[in-house]
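This is protein-v5.cif (mmCIF, C-alpha atoms).
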data_start
loop_
_atom_site.label_atom_id
_atom_site.label_comp_id
_atom_site.auth_asym_id
_atom_site.auth_seq_id
_atom_site.Cartn_x
_atom_site.Cartn_y
_atom_site.Cartn_z
CA MET A 30 3.54 -26.35 41.34
CA THR A 31 5.38 -25.58 44.55
CA VAL A 32 8.97 -25.44 43.27
CA LEU A 33 9.74 -22.42 41.15
CA ALA A 34 13.24 -23.64 40.27
CA GLU A 35 11.66 -26.26 37.98
CA ILE A 36 9.63 -23.79 35.94
CA SER A 37 10.51 -23.66 32.24
CA LYS A 38 10.53 -20.95 29.63
CA GLY A 39 7.00 -20.10 28.50
CA GLU A 40 5.34 -21.33 31.70
CA THR A 41 3.18 -18.87 33.62
CA LEU A 42 1.94 -17.97 37.08
CA GLU A 43 -1.52 -16.44 36.91
CA THR A 44 -4.44 -15.33 39.02
CA THR A 45 -7.53 -13.16 38.57
CA LEU A 46 -8.62 -10.69 41.25
CA ASN A 47 -12.13 -9.92 42.47
CA PRO A 48 -13.67 -6.81 40.84
CA VAL A 49 -11.96 -3.68 42.19
CA SER A 50 -13.99 -2.14 45.02
CA ARG A 51 -13.85 1.25 46.65
CA MET A 52 -12.90 -0.47 49.91
CA ASP A 53 -9.84 -2.01 48.23
CA LEU A 54 -8.63 1.49 47.39
CA ILE A 55 -9.54 3.00 50.76
CA LYS A 56 -7.53 0.25 52.44
CA TYR A 57 -4.56 0.78 50.14
CA SER A 58 -4.68 4.54 50.73
CA GLY A 59 -4.48 3.89 54.46
CA SER A 60 -1.77 1.24 54.36
CA SER A 61 0.45 3.12 51.89
CA GLY A 62 -0.19 6.66 53.09
CA ASP A 63 -1.11 7.73 49.53
CA PHE A 64 -4.26 9.74 50.14
CA ASN A 65 -4.52 11.34 46.70
CA PRO A 66 -8.34 11.71 46.55
CA ILE A 67 -8.58 10.67 42.86
CA HIS A 68 -8.35 7.11 44.24
CA THR A 69 -11.24 7.34 46.68
CA ILE A 70 -13.54 10.35 46.13
CA ASP A 71 -15.68 10.53 42.98
CA GLU A 72 -15.91 14.34 42.82
CA GLU A 73 -12.12 14.72 43.07
CA ALA A 74 -11.59 12.19 40.29
CA LYS A 75 -14.07 14.08 38.09
CA LYS A 76 -12.39 17.39 38.88
CA ALA A 77 -9.15 15.82 37.66
CA GLY A 78 -10.84 14.97 34.37
CA LEU A 79 -11.34 11.27 35.06
CA PRO A 80 -14.61 9.38 34.50
CA GLY A 81 -14.39 8.02 38.06
CA ILE A 82 -11.95 7.02 40.76
CA ILE A 83 -8.97 4.98 39.64
CA ALA A 84 -6.82 2.46 41.48
CA HIS A 85 -3.36 3.50 42.64
CA GLY A 86 -0.82 2.19 40.14
CA MET A 87 1.08 0.94 43.16
CA TRP A 88 -1.96 -1.06 44.30
CA THR A 89 -1.87 -3.00 41.04
CA MET A 90 1.92 -3.34 41.19
CA GLY A 91 1.66 -4.59 44.79
CA ASN A 92 -0.97 -7.14 43.83
CA LEU A 93 1.13 -8.38 40.93
CA SER A 94 4.09 -9.16 43.19
CA LYS A 95 2.05 -11.68 45.17
CA LEU A 96 2.38 -14.22 42.36
CA PHE A 97 5.91 -14.75 43.73
CA THR A 98 5.21 -14.81 47.48
CA PRO A 99 4.76 -18.61 47.77
CA TYR A 100 8.36 -19.09 46.62
CA TYR A 101 10.26 -17.03 49.20
CA GLU A 102 12.12 -20.07 50.53
CA GLU A 103 13.66 -20.61 47.10
CA GLY A 104 14.65 -17.08 46.25
CA PHE A 105 13.52 -13.45 46.27
CA ILE A 106 12.49 -10.64 43.95
CA LYS A 107 15.78 -8.97 43.11
CA ASP A 108 14.51 -6.60 40.45
CA TYR A 109 10.97 -5.45 39.79
CA ASN A 110 10.34 -2.89 37.04
CA ILE A 111 6.91 -1.65 36.08
CA ARG A 112 5.55 0.79 33.55
CA PHE A 113 2.04 2.08 34.21
CA SER A 114 0.18 1.98 30.93
CA GLY A 115 -3.53 2.06 31.70
CA MET A 116 -6.03 3.03 34.36
CA VAL A 117 -7.95 0.63 36.58
CA PHE A 118 -11.52 1.66 37.40
CA LEU A 119 -14.05 0.47 39.99
CA GLY A 120 -15.50 -2.90 39.01
CA ASP A 121 -12.63 -3.78 36.70
CA VAL A 122 -11.52 -7.39 36.76
CA VAL A 123 -7.73 -7.54 36.79
CA THR A 124 -5.75 -10.60 35.79
CA LEU A 125 -2.15 -10.92 36.99
CA LYS A 126 0.31 -12.87 34.92
CA ALA A 127 4.02 -13.72 35.02
CA GLU A 128 5.69 -15.65 32.22
CA VAL A 129 9.20 -17.04 32.29
CA VAL A 130 11.09 -15.55 29.36
CA ASP A 131 14.61 -16.54 30.31
CA LYS A 132 16.76 -18.35 32.84
CA VAL A 133 20.30 -17.07 33.40
CA ASP A 134 22.36 -18.83 36.07
CA GLN A 135 20.38 -18.32 39.29
CA SER A 136 18.05 -15.71 37.80
CA LEU A 137 14.56 -16.46 36.57
CA ILE A 138 13.44 -13.64 34.30
CA PHE A 139 9.71 -13.05 34.08
CA GLU A 140 7.65 -10.76 31.92
CA VAL A 141 4.87 -9.58 34.20
CA ARG A 142 1.63 -7.81 33.42
CA ALA A 143 -1.79 -6.97 34.78
CA THR A 144 -4.60 -6.83 32.23
CA ASN A 145 -8.19 -5.68 32.59
CA GLN A 146 -11.35 -7.46 31.43
CA HIS A 147 -10.87 -5.97 27.95
CA GLN A 148 -7.45 -7.69 27.71
CA LYS A 149 -5.70 -4.35 27.86
CA ASP A 150 -2.43 -4.12 29.81
CA VAL A 151 -2.67 -1.74 32.75
CA VAL A 152 0.82 -2.39 34.07
CA LYS A 153 3.64 -4.22 32.42
CA GLY A 154 7.23 -4.98 33.29
CA LYS A 155 9.83 -7.41 34.44
CA VAL A 156 10.70 -9.43 37.53
CA ILE A 157 14.06 -11.01 38.17
CA PHE A 158 13.59 -13.73 40.75
CA GLU A 159 16.93 -14.75 42.18
CA LEU A 160 17.19 -18.36 43.33
CA TYR A 161 19.39 -19.21 46.34
CA MET B 24 13.55 24.15 35.28
CA TYR B 25 13.83 20.74 36.89
CA SER B 26 17.17 19.84 35.30
CA GLU B 27 18.80 22.15 37.88
CA TYR B 28 17.66 19.74 40.56
CA ILE B 29 19.61 16.75 39.21
CA GLY B 30 21.90 15.40 41.89
CA LEU B 31 20.07 16.98 44.81
CA THR B 32 19.95 14.57 47.73
CA SER B 33 17.83 14.52 50.86
CA ASN B 34 19.00 14.08 54.41
CA LYS B 35 18.88 10.54 55.82
CA VAL B 36 15.97 9.35 57.93
CA LYS B 37 15.85 6.22 60.06
CA SER B 38 12.65 4.15 60.20
CA VAL B 39 11.65 0.78 61.59
CA VAL B 40 9.86 -1.77 59.42
CA GLU B 41 6.89 -2.03 61.75
CA ARG B 42 5.03 -5.30 62.06
CA GLU B 43 1.57 -3.76 62.08
CA LEU B 44 2.29 -1.60 59.02
CA VAL B 45 3.54 -4.64 57.12
CA ARG B 46 0.46 -6.65 58.12
CA ARG B 47 -1.87 -3.90 56.93
CA PHE B 48 0.09 -3.34 53.75
CA ALA B 49 0.10 -7.05 52.84
CA GLU B 50 -3.63 -7.25 53.53
CA SER B 51 -4.30 -4.20 51.35
CA ILE B 52 -2.69 -5.84 48.33
CA GLY B 53 -4.57 -9.08 49.04
CA ASP B 54 -1.41 -10.99 49.90
CA ASN B 55 -2.18 -13.07 52.96
CA HIS B 56 0.96 -15.21 52.91
CA PRO B 57 2.14 -15.97 56.46
CA ILE B 58 5.77 -15.08 55.61
CA TYR B 59 4.66 -11.46 56.13
CA THR B 60 2.67 -11.90 59.32
CA ASP B 61 3.11 -15.20 61.18
CA GLU B 62 6.00 -14.91 63.63
CA ASN B 63 6.65 -18.67 63.77
CA ILE B 64 6.66 -19.02 59.98
CA GLY B 65 9.09 -16.11 59.88
CA LYS B 66 11.40 -17.66 62.48
CA GLN B 67 11.43 -20.99 60.68
CA SER B 68 12.05 -19.38 57.27
CA ARG B 69 15.51 -18.91 55.79
CA TYR B 70 15.29 -15.24 56.80
CA GLY B 71 14.77 -16.01 60.49
CA ALA B 72 12.11 -13.29 60.55
CA ASN B 73 9.05 -12.08 58.70
CA ILE B 74 9.70 -10.05 55.57
CA ALA B 75 7.96 -7.09 53.91
CA PRO B 76 6.34 -7.17 50.43
CA PRO B 77 8.60 -5.77 47.68
CA THR B 78 6.55 -2.61 47.15
CA PHE B 79 6.41 -1.82 50.89
CA PRO B 80 9.27 0.77 50.96
CA ARG B 81 6.92 3.54 49.79
CA VAL B 82 5.61 3.49 53.34
CA LEU B 83 9.03 4.34 54.78
CA ARG B 84 10.00 7.94 55.20
CA SER B 85 13.01 9.52 53.61
CA GLY B 86 14.27 13.03 54.15
CA THR B 87 13.06 16.05 52.21
CA ILE B 88 15.00 17.42 49.28
CA GLU B 89 15.65 21.11 49.97
CA GLY B 90 14.37 23.39 47.26
CA LEU B 91 12.45 20.83 45.23
CA LYS B 92 9.11 22.26 44.15
CA LEU B 93 6.57 19.69 42.99
CA PRO B 94 2.91 20.26 42.21
CA LEU B 95 0.43 18.48 44.47
CA LYS B 96 -1.89 17.66 41.62
CA GLY B 97 -1.57 16.61 38.01
CA LEU B 98 1.47 14.36 38.35
CA ILE B 99 1.43 11.07 36.49
CA HIS B 100 3.23 8.06 37.87
CA GLY B 101 5.01 6.61 34.85
CA GLU B 102 7.33 3.90 36.09
CA GLN B 103 8.42 2.25 39.31
CA ILE B 104 11.61 0.24 39.69
CA TYR B 105 12.80 -1.79 42.68
CA HIS B 106 16.13 -3.42 43.24
CA TYR B 107 16.82 -5.61 46.26
CA GLU B 108 20.05 -7.00 47.65
CA ARG B 109 17.89 -9.08 50.00
CA PRO B 110 14.30 -8.89 51.29
CA LEU B 111 13.44 -6.26 53.88
CA LEU B 112 12.89 -7.79 57.34
CA VAL B 113 10.10 -6.96 59.74
CA GLY B 114 11.48 -5.20 62.81
CA GLU B 115 14.72 -3.99 61.27
CA GLU B 116 15.89 -0.39 61.08
CA VAL B 117 16.36 1.16 57.65
CA ILE B 118 18.04 4.41 56.79
CA CYS B 119 16.46 6.05 53.74
CA TYR B 120 17.37 9.00 51.57
CA SER B 121 16.28 10.23 48.14
CA LYS B 122 18.13 11.66 45.22
CA ILE B 123 17.02 13.35 42.00
CA GLU B 124 18.71 11.11 39.45
CA ASP B 125 17.62 12.67 36.21
CA TYR B 126 15.23 14.98 34.44
CA TYR B 127 14.51 15.00 30.72
CA GLU B 128 11.79 16.16 28.37
CA LYS B 129 10.04 14.53 25.45
CA GLU B 130 7.63 15.95 22.94
CA GLY B 131 4.17 14.42 23.49
CA SER B 132 0.71 14.91 22.01
CA THR B 133 -0.16 17.50 24.68
CA GLY B 134 3.12 19.41 24.55
CA LYS B 135 6.44 18.83 26.21
CA MET B 136 6.35 16.13 28.87
CA GLY B 137 8.87 16.28 31.71
CA PHE B 138 10.20 13.07 33.23
CA LEU B 139 11.57 13.31 36.76
CA LYS B 140 13.55 10.34 37.99
CA MET B 141 13.82 10.07 41.77
CA LYS B 142 15.65 7.28 43.52
CA ARG B 143 15.40 6.21 47.11
CA TYR B 144 18.08 4.25 48.88
CA GLY B 145 17.46 2.00 51.88
CA GLU B 146 20.50 1.00 53.92
CA ASP B 147 21.09 -0.98 57.09
CA ASN B 148 22.77 0.49 60.17
CA ASP B 149 26.20 -0.39 58.78
CA GLY B 150 25.57 1.52 55.56
CA ARG B 151 25.01 -1.60 53.44
CA LEU B 152 22.43 -1.24 50.70
CA ILE B 153 19.20 -3.23 51.15
CA PHE B 154 17.10 -1.80 48.33
CA THR B 155 16.64 1.05 45.90
CA GLU B 156 13.27 2.36 44.79
CA GLU B 157 13.06 4.48 41.67
CA SER B 158 10.02 6.45 40.52
CA ILE B 159 9.59 8.18 37.22
CA THR B 160 7.03 10.95 37.47
CA ILE B 161 5.62 12.62 34.40
CA ILE B 162 4.95 16.34 34.64
CA THR B 163 2.85 17.72 31.82
CA GLU B 164 3.45 21.11 30.22
CA THR B 165 0.20 22.51 31.67
CA VAL B 166 1.27 21.65 35.19
CA ARG B 167 4.79 23.03 34.70
CA ARG B 168 3.45 26.32 33.36
CA SER B 169 1.22 26.75 36.38
CA LEU B 170 4.30 26.47 38.60
CA ASN B 171 6.58 28.61 36.44
CA VAL B 172 9.29 25.96 36.33
#
Could the structure of this file be written out as structure tokens, please?
Amino acid sequence: MTVLAEISKGETLETTLNPVSRMDLIKYSGSSGDFNPIHTIDEEAKKAGLPGIIAHGMWTMGNLSKLFTPYYEEGFIKDYNIRFSGMVFLGDVVTLKAEVVDKVDQSLIFEVRATNQHQKDVVKGKVIFELY
Amino acid sequence: MYSEYIGLTSNKVKSVVERELVRRFAESIGDNHPIYTDENIGKQSRYGANIAPPTFPRVLRSGTIEGLKLPLKGLIHGEQIYHYERPLLVGEEVICYSKIEDYYEKEGSTGKMGFLKMKRYGEDNDGRLIFTEESITIITETVRRSLNV
């Protein structure tokens, strides 16, 4: 599907990412400027009481937004709300999903979520994609 | 107590949405769409330029809020909320500032949890709003005690 305007309620955009690697998180630390070491250095994560390094919540949120990138000629992300509900660890396989829950005038309202390989939500929220 | 900080606003800081930073940011979230990086695709698009991914504004600087004391460790990122009037364009200047919007507490399993709501505003050179970026940070009781706030 290349035209988002024709999407109907209940339809989804979906993709699954490669297993999370340390390099993914090192790169995101560099590009975002968030160098909190719990995302890259095992000992620091353990000191913080975690079983191992965890992905930046914003890394997952950033990934999730790419479901909408192919449609920038038709509209743009007007609102994007996320609640961080679970941690993402090294090797986790994250699936990104956006489901149309409503259409109001020029707004497509999506429920968005990222789930891990145990089908647990790690981030969840809403996107309002505004059509031109 | 953080509720005293409600309403505090930072000074304004001007930044440029730099092409190389956008390229690296898009790559780091695995989004290789040419609308972010290919100059010709940008020119031909309805925006007439490349754009930045929606979560990019965290990279931009905003001024510091005088007097705000936050721990360096132990903060939990609870929620993140973006609102856009239009996409952010590569190469444009943005003026950013932050404001403490709210602070409230809730009883949790590990004691009283504090919720600090900070909002960032991004405006163009004429003062028109481009985006807002809101973060809700959770501060646990243990962390607050260690800071005496």
Query raised in the report: From the list B:Glu41, B:Glu27, B:Asp61, B:Glu108, which residue is nearest chain A when using only C-alpha atoms?
Result: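 Among the listed residues, B:Glu108 lies closest to chain A.
Comparing the minimum interatomic distances between chain A and each of B:Lys135, B:Arg47, B:Lys35, B:Arg42, counting all atoms listed in the file, we find that B:Arg47 sits nearest.
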Query raised in the report: If you count all atoms listed in the file, which residues fall within 8 Å of Ser114 in chain A, apart from same-chain ones fewer than 5 positions away, as a ChimeraX atom specification?
Result: /A:150-153 /B:101
Report task. Would you give me, as a PyMOL selection string, the residues of chain B that come within 8 Å of chain A, using all atoms listed in the file? Result -> chain B and resi 44+47-48+51-54+56+68-69+76-79+81-82+97+100-110
Query raised in the report: If you apply the PyMOL selection byres ((chain A and resi 116) around 7) to this file, what residues do you get, as a PyMOL selection string?
Result: chain A and resi 83+115+117-118+151
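We find CA of Asp121 in chain A and CA of Ala84 in chain A to be spaced 9.8 Å apart.
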**Report entry** Explicit residues for the PyMOL selection byres ((chain A and resi 48) around 8) (as a list in words)
**Finding:** Leu46, Asn47, Val49, Ser50, Leu119, Gly120, Asp121, Val122 and Val123 of chain A
**Report entry** Contacts of Tyr120 in chain B within 9 Å, only C-alpha atoms, excl. fewer than 6 positions in-chain, as a list of chain:residue names
**Finding:** B:Thr32, B:Ser33, B:Asn34, B:Lys35, B:Val36, B:Arg84, B:Ser85, B:Gly86, B:Thr87, B:Lys142, B:Arg143, B:Tyr144, B:Gly145, B:Glu146
Put those residues in a file: C-alpha atoms, as a PDB file, keeping the file's coordinate frame.
ATOM      1  CA  THR B  32      19.950  14.570  47.730  1.00  0.00           C
ATOM      2  CA  SER B  33      17.830  14.520  50.860  1.00  0.00           C
ATOM      3  CA  ASN B  34      19.000  14.080  54.410  1.00  0.00           C
ATOM      4  CA  LYS B  35      18.880  10.540  55.820  1.00  0.00           C
ATOM      5  CA  VAL B  36      15.970   9.350  57.930  1.00  0.00           C
ATOM      6  CA  ARG B  84      10.000   7.940  55.200  1.00  0.00           C
ATOM      7  CA  SER B  85      13.010   9.520  53.610  1.00  0.00           C
ATOM      8  CA  GLY B  86      14.270  13.030  54.150  1.00  0.00           C
ATOM      9  CA  THR B  87      13.060  16.050  52.210  1.00  0.00           C
ATOM     10  CA  LYS B 142      15.650   7.280  43.520  1.00  0.00           C
ATOM     11  CA  ARG B 143      15.400   6.210  47.110  1.00  0.00           C
ATOM     12  CA  TYR B 144      18.080   4.250  48.880  1.00  0.00           C
ATOM     13  CA  GLY B 145      17.460   2.000  51.880  1.00  0.00           C
ATOM     14  CA  GLU B 146      20.500   1.000  53.920  1.00  0.00           C
TER      15      GLU B 146
END
